[in-house]
Each structure stands twice: as C-alpha cells, then as structure tokens.
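Okay, structure first, notes after.
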Amino acid sequence: MASQFLRQTLIKTKPSTVIRRFSTAAAVASPTGYEEPTGVTMKGVKISGRPLYLDTQATTPVDPRVLDSMLPFYLSRYGNPHSRTHLYGWESETAVETARAQVAALIGASPKEIVFTSGATESNNISVKGVMHFYKEKKRHVITTQTEHKCVLDSCRHLQQEGFEVTYLPVGSDGLIDLDRLRKEIRPDTGLVSIMAVNNEIGVVQPLEEIGKICKEFNVPFHTDAAQALGKIKVDVDKWNVSLMSLSGHKIYGPKGVGALYMRRRPRIRVEPQMNGGGQERGIRSGTVPTPLVVGMGAACELAAKEMEYDEKRIKGLQERLLNGIRAKIDGVVVNGSMDRRYVGNLNLSFAYVEGESLLMGLKEVAVSSGSACTSASLEPSYVLRALGVDEDMAHTSIRFGIGRFTTEEEIDKAVELTVKQVEKLREMSPLYEMVKEGIDIKQIQWAQH
C-alpha cells in the first residue's frame, strides 16, 4: 500500500518541481496538493508556489538533526521501552531515559520529575483536573486567566460543571495580569493557580517569578502552560516555583504527538491520573511511551539549550525587520500585547480599516493565522484580544506572524511586501479609510439603520 502510494505520488510530481528545504518528506507525502507549472492548487485555492511559513506558534518544522535522532527507532531499534526481557526493550528504555534527562535539563528539573504525554493539551488536562480531583475534599477553587489556551479554559469549565469554583483573572491592555488582584483572589480552599508562561496568540510573557512567590507564600500549587516558552525563553522551575508545567514537542522543532509534564517532587504534588491502563510513567500516564517521538523531543530540547541564545538574537532582528518594514510603508498598524514583556518570535498586528478575513484571503502566499475567529463559522473576534480591551473592529483585523529558527531575511522582506500590498489594496476599497483621510472622526458618526 505504502509503495503504491509513493509510486502514485512520484508520478504526479513533475521533474521540474522545486521542493523547499526541510520539506522533502512533506513533498512526497502530500497527494492532495498538486504542484503545477503555474502554481499549487489545494482545497480549491490556487497560489503561485508553496507559501512562506510564518506560523511558528501553531507548529514548527522538525529540525533535520531531530529527525536524524528519531529514524533509528523507527527502522531498527523499534523495541517497546517497557519490554524488560530483551535487548530491543532495553535500548528503547535507555533512549527514553536519555530523552527524559534532556527535557529536564532544559527546565532545570530532575529527570524523575518528567512524565511523557501526548502533548501540552494532555499535560494541561492532567494538571488542572488531576490536581483538583486528587485534593477535592479540601480544595474547591481554581484561579486562572481569561487569556489561557482553550484546553485550560475548557478543563476549568469541566470542573465548574462538577461543582468547583473558578476565578478567571482579567488582564490589562498589555496582556499581563495584576499581581495584587491575584493575591486578593487566593482563598483557603484554592487548590491551583494556572497561568500560562507565554501566550500563544499575542506572545506576552507573564511575570512568572512573582506569581510563583505569591503562590509559595499562600502554599498554593502553581501550574503553568509553558508550551510556547520552552526553548524560546529561559525556563527555571525552581526560580518560577512551579509545581506543574506543561510542555510540547512540536513547538520546539520536535515531532507532533509528544509532550511532557513536569511534576515537582519536593514538595510533592499529587494528581489523579486521567488515563487508566498499564501504569506507565509512574502510573500518571498509562500507555506505551512512543520511543521515536520521545527521542525527538529530547533531541529538540538539547538543541534548544545550545542554540536558544543565538536563535533569540537572530529572531529579534527579523521581528524588528518585519515590524519596521510594515510601519515604514503603511500607517494604522497596532501591536497587540506588551512589547517589553514579549517573546520576540510572536508579532500580533492589527491593521486599521481592513477586514481581517479579506486580509487573510489575500495573503495566501504567506502562511499566517488570524488572531480572530473570523475564518470560522463564528464572526466573533478573538477572546484573547477582547480580554485586552482591543476595539472589536481592530480585533477583527489581527494577524499573527510567527518567526522561527528557519525563517530567512528574504522571507521577511517578501512578507512585508505582500502584507503592505494587500492592506493598501483593501484600504483603497474602504469608504471608512477615505473618510479618515479626509479628517472625519468615524467614531463620532451616528450610523442610521434603514
């Protein structure tokens, strides 16, 4: 079946096809996208070639060095790491434990405190629901923020349906929480404070050290979703005083389908397992540990430890190039979230007098995402931007640019050119923009209904 699929794919791929770097596997395994002499057609959309990739908050390409570390565990060292009776199991187990140590080293933890999961979503579920279920006799209250990832918010809503109470902290216009407000909201029955490290949508970095100190003062476990922080900013579990931390492989140039959960041993934090089975991962996460994926995540963490400083410096230069390039050519560009406390690879911009859906549709040659839900069935703007107090019209025009390890200056320059061109094109069609240019304050206009 696989060889037949490969043969069909190779027949469809013309000899002149240009394959982007780091995409050879994807190029072979994409039967639904056809590279024609005039461009690429997929899902009814035709574009001139493979788009520039600027969506690294959604996922990152696997680093080729990570892939190299994984391949032996698919092809020759394919043993189950829980098989205790032969070499295949022993070598897989050794590889898993090496990866555990690599992940732990990046966050300043002990390998014994790392539990492998399927990703940050599962780690967040184990943390939020697992802790509250374990301590349910005495602890009935959770504190989180309005701008958390959906899996934390949905886990909290699930707890509310079970009778737990949840406080959703508001954030300021910069996306940061008020530490005094957090302190006031902690109660004797507060069982968990869950606040993400780096926001996936706007890239702001919360004051984790200060949050950790407050939680320690009140003896409340502190959980942070660090999927967007790992390998991008310096993470230290002791400095932050976290009890639990959720991590993801595919956000740091590792494979999809693997993540980890840090669980503090001293003082020990306990959780109720969300998956029942063979008792793997100290009984917290049953199921066979996927050796190749875990090895890939470990290798990605080791690379991040070595290259994080260099990557940050380089990505910061690209972010400034992108922002300055756009602002030099068009006005009415607003950065969403704090510029001082921000991960440099995330740039969330709103463009005044432009409809977000139209902008995204026109930017098919750049793979970016919208901070608003305007591309879904709902026309509601992003709940994160709403929490920041962004005007609804500006929230609808937000675009998130994600810059990563493999982004080039040429790609940034092309993205600037295409974005500016599209914004100018849409503004030319906008009667509102015409009115603003004529000096009319459109917020003062009383719009009449017919």
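Chain labels follow the order of the structure tokens: the first chain is A, the next B, and so on; residue numbering restarts at 1 in every chain, and ligands are counted from 1 in their shown order.
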
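Assigned to strand (DSSP E or B) in segment 141-239 of chain A, given DSSP computed from backbone atoms, are His141, Val142, Ile143, Thr144, Thr145, Glu165, Val166, Thr167, Tyr168, Leu169, Val171, Ile177, Thr190, Gly191, Leu192, Val193, Ser194, Val198, Val204, Val205, Phe222, His223, Thr224 and Asp225 of chain A.
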
To test your reading of the structure, identify every residue in segment 55-175 of chain A that backbone DSSP assigns to alpha helix (DSSP H), and report it as number ranges by chain. A: 64-70, 72-75, 87-107, 120-134, 150-161

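Distance-wise, atom CA of Leu179 of chain A and atom CA of Lys213 of chain A end up 10.5 Å apart.
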
Distance criterion (only C-alpha atoms): nearest to Pro81 of chain A out of A:Leu261, A:Val295, A:Leu169, A:Val205: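 Nearest candidate to Pro81 of chain A out of A:Leu261, A:Val295, A:Leu169, A:Val205: A:Val295.
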
Of the candidates A:Glu209, A:Glu165, A:Asp174, A:Glu320, which one gets nearest to Leu192 of chain A if we count only C-alpha atoms? A:Glu165

Closest pair table for segment 192-297 of chain A residues within 12 Å of segment 116-119 of chain A, only C-alpha atoms, as CSV:
residue,atom,partner,partner_atom,distance
A:Asp225,CA,A:Gly119,CA,11.0
A:Ala226,CA,A:Gly119,CA,11.4
A:Ala227,CA,A:Gly119,CA,8.8
A:Met245,CA,A:Gly119,CA,11.8
A:Ser246,CA,A:Gly119,CA,8.1
A:Leu247,CA,A:Gly119,CA,6.9
A:Ser248,CA,A:Gly119,CA,5.1
A:Gly249,CA,A:Gly119,CA,7.0
A:His250,CA,A:Gly119,CA,8.5
A:Lys251,CA,A:Gly119,CA,10.1
A:Gly254,CA,A:Gly119,CA,11.4
A:Pro255,CA,A:Gly119,CA,10.2
A:Lys256,CA,A:Gly119,CA,7.8
A:Gly257,CA,A:Ser118,CA,5.1
A:Val258,CA,A:Ser118,CA,4.2
A:Gly259,CA,A:Gly119,CA,3.6
A:Ala260,CA,A:Phe116,CA,4.3
A:Leu261,CA,A:Phe116,CA,6.3
A:Tyr262,CA,A:Phe116,CA,8.9
A:Met263,CA,A:Phe116,CA,10.9
A:Pro273,CA,A:Thr117,CA,11.7
A:Gln274,CA,A:Thr117,CA,11.2
A:Met275,CA,A:Thr117,CA,10.5
A:Gln280,CA,A:Phe116,CA,9.6
A:Glu281,CA,A:Phe116,CA,7.0
A:Arg282,CA,A:Phe116,CA,10.3
A:Gly283,CA,A:Phe116,CA,11.4
A:Ile284,CA,A:Phe116,CA,9.4
A:Arg285,CA,A:Thr117,CA,6.8
A:Ser286,CA,A:Thr117,CA,9.2
A:Gly287,CA,A:Thr117,CA,9.2
A:Thr288,CA,A:Thr117,CA,10.2
A:Val289,CA,A:Phe116,CA,7.3
A:Pro290,CA,A:Ser118,CA,9.0
A:Thr291,CA,A:Phe116,CA,10.3
A:Leu293,CA,A:Ser118,CA,9.4
A:Val294,CA,A:Phe116,CA,7.5
A:Val295,CA,A:Phe116,CA,10.9
A:Met297,CA,A:Phe116,CA,9.9

Just checking: using only C-alpha atoms, which residue out of A:Val204, A:Ile47, A:Ala415, A:Leu349 ends up closest to Val390 of chain A? A:Leu349

Using only C-alpha atoms, determine which residues lie at most 8 Å from Leu54 of chain A, disregarding the query and same-chain residues fewer than 3 positions distant; provide the list as a list in words.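 Contacts, in chain order: Val366, Ala367, Val368, Phe401, Gly402, Ile403, Gly404 and Thr407 of chain A.
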
Would you mind exporting the chosen residues as a PDB file, in the first residue's frame, restricted to N, CA and C atoms?
ATOM      1  N   VAL A 366       1.482  33.781   2.090  1.00  0.00           N
ATOM      2  CA  VAL A 366       2.160  33.804   3.392  1.00  0.00           C
ATOM      3  C   VAL A 366       1.317  32.979   4.358  1.00  0.00           C
ATOM      4  N   ALA A 367       1.917  31.951   4.950  1.00  0.00           N
ATOM      5  CA  ALA A 367       1.191  31.111   5.905  1.00  0.00           C
ATOM      6  C   ALA A 367       1.212  31.799   7.268  1.00  0.00           C
ATOM      7  N   VAL A 368       0.141  32.538   7.564  1.00  0.00           N
ATOM      8  CA  VAL A 368      -0.018  33.207   8.860  1.00  0.00           C
ATOM      9  C   VAL A 368      -1.397  32.842   9.395  1.00  0.00           C
ATOM     10  N   PHE A 401       2.040  36.893  13.140  1.00  0.00           N
ATOM     11  CA  PHE A 401       3.231  36.469  12.405  1.00  0.00           C
ATOM     12  C   PHE A 401       4.129  35.694  13.364  1.00  0.00           C
ATOM     13  N   GLY A 402       4.478  34.463  13.011  1.00  0.00           N
ATOM     14  CA  GLY A 402       5.358  33.641  13.850  1.00  0.00           C
ATOM     15  C   GLY A 402       6.699  33.439  13.162  1.00  0.00           C
ATOM     16  N   ILE A 403       7.773  33.913  13.803  1.00  0.00           N
ATOM     17  CA  ILE A 403       9.121  33.838  13.220  1.00  0.00           C
ATOM     18  C   ILE A 403       9.913  32.770  13.963  1.00  0.00           C
ATOM     19  N   GLY A 404      10.650  31.944  13.216  1.00  0.00           N
ATOM     20  CA  GLY A 404      11.352  30.837  13.849  1.00  0.00           C
ATOM     21  C   GLY A 404      12.787  30.640  13.380  1.00  0.00           C
ATOM     22  N   THR A 407      13.406  30.804   9.558  1.00  0.00           N
ATOM     23  CA  THR A 407      12.918  31.958   8.798  1.00  0.00           C
ATOM     24  C   THR A 407      14.110  32.759   8.272  1.00  0.00           C
TER      25      THR A 407
END

In Å, with one decimal, what is the gap from atom CA of Pro381 of chain A to atom CA of Glu201 of chain A? 12.5 Å

When you count only C-alpha atoms, which of these residues is closest to Gly191 of chain A: A:His158, A:Lys364, A:His149, A:Lys138? A:Lys138

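With only C-alpha atoms as the atoms that count, the minimum distance from Ser243 of chain A to the choices A:Gln319, A:Tyr383, A:Val131, A:Gly337 is reached by A:Val131.
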
Any idea what's packed within 9 Å of His141 of chain A, counting only C-alpha atoms, ignoring anything in its chain fewer than 3 positions away? Could you give it as a list in words? Met132, Phe164, Glu165, Val166, Thr167, Ile186, Arg187, Pro188, Asp189, Thr190, Gly191 and Leu192 of chain A

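Using only C-alpha atoms, the smallest distance between any of A:Lys136, A:Gly279, A:Leu303, A:Glu185 and Arg65 of chain A comes from A:Leu303.
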
Determine, counting only C-alpha atoms, which protein, DNA and RNA residues have an atom within 12 Å of an atom of Lys306 of chain A; residues of the same chain fewer than 3 positions away are not included. Present the result as an mmCIF file with N, CA and C atoms, in the first residue's frame.
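Final output, saved to out.cif:
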data_model
loop_
_atom_site.group_PDB
_atom_site.id
_atom_site.type_symbol
_atom_site.label_atom_id
_atom_site.label_comp_id
_atom_site.auth_asym_id
_atom_site.auth_seq_id
_atom_site.Cartn_x
_atom_site.Cartn_y
_atom_site.Cartn_z
ATOM 1 N N GLN A 102 17.249 15.000 28.956
ATOM 2 C CA GLN A 102 17.419 16.164 28.074
ATOM 3 C C GLN A 102 16.318 17.193 28.300
ATOM 4 N N ALA A 105 16.872 18.857 31.763
ATOM 5 C CA ALA A 105 18.000 19.794 31.784
ATOM 6 C C ALA A 105 17.600 21.172 31.261
ATOM 7 N N LEU A 106 16.697 21.216 30.294
ATOM 8 C CA LEU A 106 16.293 22.495 29.697
ATOM 9 C C LEU A 106 15.471 23.359 30.651
ATOM 10 N N GLY A 231 12.312 26.398 25.256
ATOM 11 C CA GLY A 231 13.284 26.549 24.185
ATOM 12 C C GLY A 231 13.323 27.933 23.564
ATOM 13 N N LYS A 232 12.468 28.844 24.074
ATOM 14 C CA LYS A 232 12.390 30.191 23.491
ATOM 15 C C LYS A 232 12.806 31.256 24.498
ATOM 16 N N LYS A 234 14.267 31.544 28.788
ATOM 17 C CA LYS A 234 14.894 30.707 29.824
ATOM 18 C C LYS A 234 13.827 30.248 30.808
ATOM 19 N N ALA A 299 15.943 15.362 21.811
ATOM 20 C CA ALA A 299 16.952 15.970 20.929
ATOM 21 C C ALA A 299 16.633 17.443 20.676
ATOM 22 N N ALA A 300 15.329 17.754 20.493
ATOM 23 C CA ALA A 300 14.912 19.141 20.266
ATOM 24 C C ALA A 300 15.246 20.011 21.480
ATOM 25 N N CYS A 301 15.057 19.461 22.677
ATOM 26 C CA CYS A 301 15.373 20.203 23.910
ATOM 27 C C CYS A 301 16.873 20.440 24.041
ATOM 28 N N GLU A 302 17.656 19.427 23.701
ATOM 29 C CA GLU A 302 19.116 19.582 23.781
ATOM 30 C C GLU A 302 19.609 20.651 22.798
ATOM 31 N N LEU A 303 19.050 20.635 21.585
ATOM 32 C CA LEU A 303 19.408 21.661 20.591
ATOM 33 C C LEU A 303 18.987 23.049 21.063
ATOM 34 N N GLU A 309 20.009 31.101 22.743
ATOM 35 C CA GLU A 309 20.524 32.470 22.781
ATOM 36 C C GLU A 309 20.733 33.006 21.359
ATOM 37 N N TYR A 310 21.348 32.175 20.511
ATOM 38 C CA TYR A 310 21.596 32.575 19.122
ATOM 39 C C TYR A 310 20.270 32.776 18.378
ATOM 40 N N ASP A 311 19.349 31.817 18.568
ATOM 41 C CA ASP A 311 18.044 31.904 17.897
ATOM 42 C C ASP A 311 17.317 33.187 18.287
ATOM 43 N N GLU A 312 17.343 33.507 19.593
ATOM 44 C CA GLU A 312 16.600 34.683 20.072
ATOM 45 C C GLU A 312 17.156 35.969 19.445
#

Hey, could you make a per-residue contact list for segment 302-408 of chain A against segment 416-437 of chain A with 10 Å as the cut-off, showing the nearest pair of atoms and its distance in Å to one decimal, counting only C-alpha atoms, sorted by chain and number, as JSON lines?
{"residue": "A:Arg321", "atom": "CA", "partner": "A:Val416", "partner_atom": "CA", "distance": 8.8}
{"residue": "A:Leu322", "atom": "CA", "partner": "A:Val416", "partner_atom": "CA", "distance": 6.2}
{"residue": "A:Leu323", "atom": "CA", "partner": "A:Val416", "partner_atom": "CA", "distance": 8.3}
{"residue": "A:Asn324", "atom": "CA", "partner": "A:Val416", "partner_atom": "CA", "distance": 9.2}
{"residue": "A:Gly325", "atom": "CA", "partner": "A:Val416", "partner_atom": "CA", "distance": 6.1}
{"residue": "A:Ile326", "atom": "CA", "partner": "A:Val416", "partner_atom": "CA", "distance": 5.7}
{"residue": "A:Arg327", "atom": "CA", "partner": "A:Val420", "partner_atom": "CA", "distance": 9.1}
{"residue": "A:Ala328", "atom": "CA", "partner": "A:Val420", "partner_atom": "CA", "distance": 9.8}
{"residue": "A:Lys329", "atom": "CA", "partner": "A:Val420", "partner_atom": "CA", "distance": 6.9}
{"residue": "A:Ile330", "atom": "CA", "partner": "A:Val420", "partner_atom": "CA", "distance": 6.8}
{"residue": "A:Phe351", "atom": "CA", "partner": "A:Val423", "partner_atom": "CA", "distance": 7.6}
{"residue": "A:Ala352", "atom": "CA", "partner": "A:Tyr433", "partner_atom": "CA", "distance": 8.4}
{"residue": "A:Tyr353", "atom": "CA", "partner": "A:Tyr433", "partner_atom": "CA", "distance": 5.8}
{"residue": "A:Val354", "atom": "CA", "partner": "A:Leu426", "partner_atom": "CA", "distance": 6.2}
{"residue": "A:Glu355", "atom": "CA", "partner": "A:Leu426", "partner_atom": "CA", "distance": 8.0}
{"residue": "A:Gly356", "atom": "CA", "partner": "A:Val423", "partner_atom": "CA", "distance": 9.9}
{"residue": "A:Ser358", "atom": "CA", "partner": "A:Leu426", "partner_atom": "CA", "distance": 7.8}
{"residue": "A:Leu359", "atom": "CA", "partner": "A:Gln422", "partner_atom": "CA", "distance": 6.6}
{"residue": "A:Leu360", "atom": "CA", "partner": "A:Gln422", "partner_atom": "CA", "distance": 9.2}
{"residue": "A:Met361", "atom": "CA", "partner": "A:Gln422", "partner_atom": "CA", "distance": 9.6}
{"residue": "A:Gly362", "atom": "CA", "partner": "A:Gln422", "partner_atom": "CA", "distance": 6.3}
{"residue": "A:Leu363", "atom": "CA", "partner": "A:Thr419", "partner_atom": "CA", "distance": 6.9}
{"residue": "A:Lys364", "atom": "CA", "partner": "A:Leu418", "partner_atom": "CA", "distance": 9.5}
{"residue": "A:Glu365", "atom": "CA", "partner": "A:Leu418", "partner_atom": "CA", "distance": 8.0}
{"residue": "A:Val366", "atom": "CA", "partner": "A:Leu418", "partner_atom": "CA", "distance": 8.0}

List as an mmCIF file with all heavy atoms, in the first residue's frame the protein and nucleic acid residues near Ser350 of chain A, meaning an atom at most 6 Å away when only C-alpha atoms are counted, but skip any in the same chain fewer than 4 places from it.
data_model
loop_
_atom_site.group_PDB
_atom_site.id
_atom_site.type_symbol
_atom_site.label_atom_id
_atom_site.label_comp_id
_atom_site.auth_asym_id
_atom_site.auth_seq_id
_atom_site.Cartn_x
_atom_site.Cartn_y
_atom_site.Cartn_z
ATOM 1 N N VAL A 333 -1.007 50.731 12.090
ATOM 2 C CA VAL A 333 -0.580 49.371 12.457
ATOM 3 C C VAL A 333 -0.361 49.336 13.965
ATOM 4 O O VAL A 333 0.430 50.112 14.505
ATOM 5 C CB VAL A 333 0.729 48.972 11.729
ATOM 6 C CG1 VAL A 333 1.152 47.564 12.127
ATOM 7 C CG2 VAL A 333 0.553 49.065 10.220
ATOM 8 N N VAL A 334 -1.084 48.456 14.660
ATOM 9 C CA VAL A 334 -1.016 48.382 16.120
ATOM 10 C C VAL A 334 -0.505 47.004 16.535
ATOM 11 O O VAL A 334 -0.959 45.979 16.026
ATOM 12 C CB VAL A 334 -2.416 48.615 16.743
ATOM 13 C CG1 VAL A 334 -2.371 48.460 18.257
ATOM 14 C CG2 VAL A 334 -2.933 49.989 16.359
ATOM 15 N N MET A 394 -10.740 46.476 15.450
ATOM 16 C CA MET A 394 -9.301 46.182 15.379
ATOM 17 C C MET A 394 -9.024 44.710 15.679
ATOM 18 O O MET A 394 -8.115 44.106 15.102
ATOM 19 C CB MET A 394 -8.535 47.077 16.362
ATOM 20 C CG MET A 394 -8.457 48.519 15.935
ATOM 21 S SD MET A 394 -7.541 48.749 14.388
ATOM 22 C CE MET A 394 -5.873 48.853 14.978
ATOM 23 N N THR A 397 -9.098 42.555 12.708
ATOM 24 C CA THR A 397 -8.082 42.722 11.664
ATOM 25 C C THR A 397 -6.722 42.183 12.089
ATOM 26 O O THR A 397 -5.709 42.497 11.484
ATOM 27 C CB THR A 397 -7.908 44.215 11.308
ATOM 28 O OG1 THR A 397 -7.216 44.876 12.368
ATOM 29 C CG2 THR A 397 -9.232 44.895 11.059
ATOM 30 N N SER A 398 -6.686 41.400 13.161
ATOM 31 C CA SER A 398 -5.387 40.971 13.681
ATOM 32 C C SER A 398 -4.801 39.804 12.883
ATOM 33 O O SER A 398 -5.519 38.894 12.471
ATOM 34 C CB SER A 398 -5.510 40.582 15.158
ATOM 35 O OG SER A 398 -6.227 39.392 15.281
#
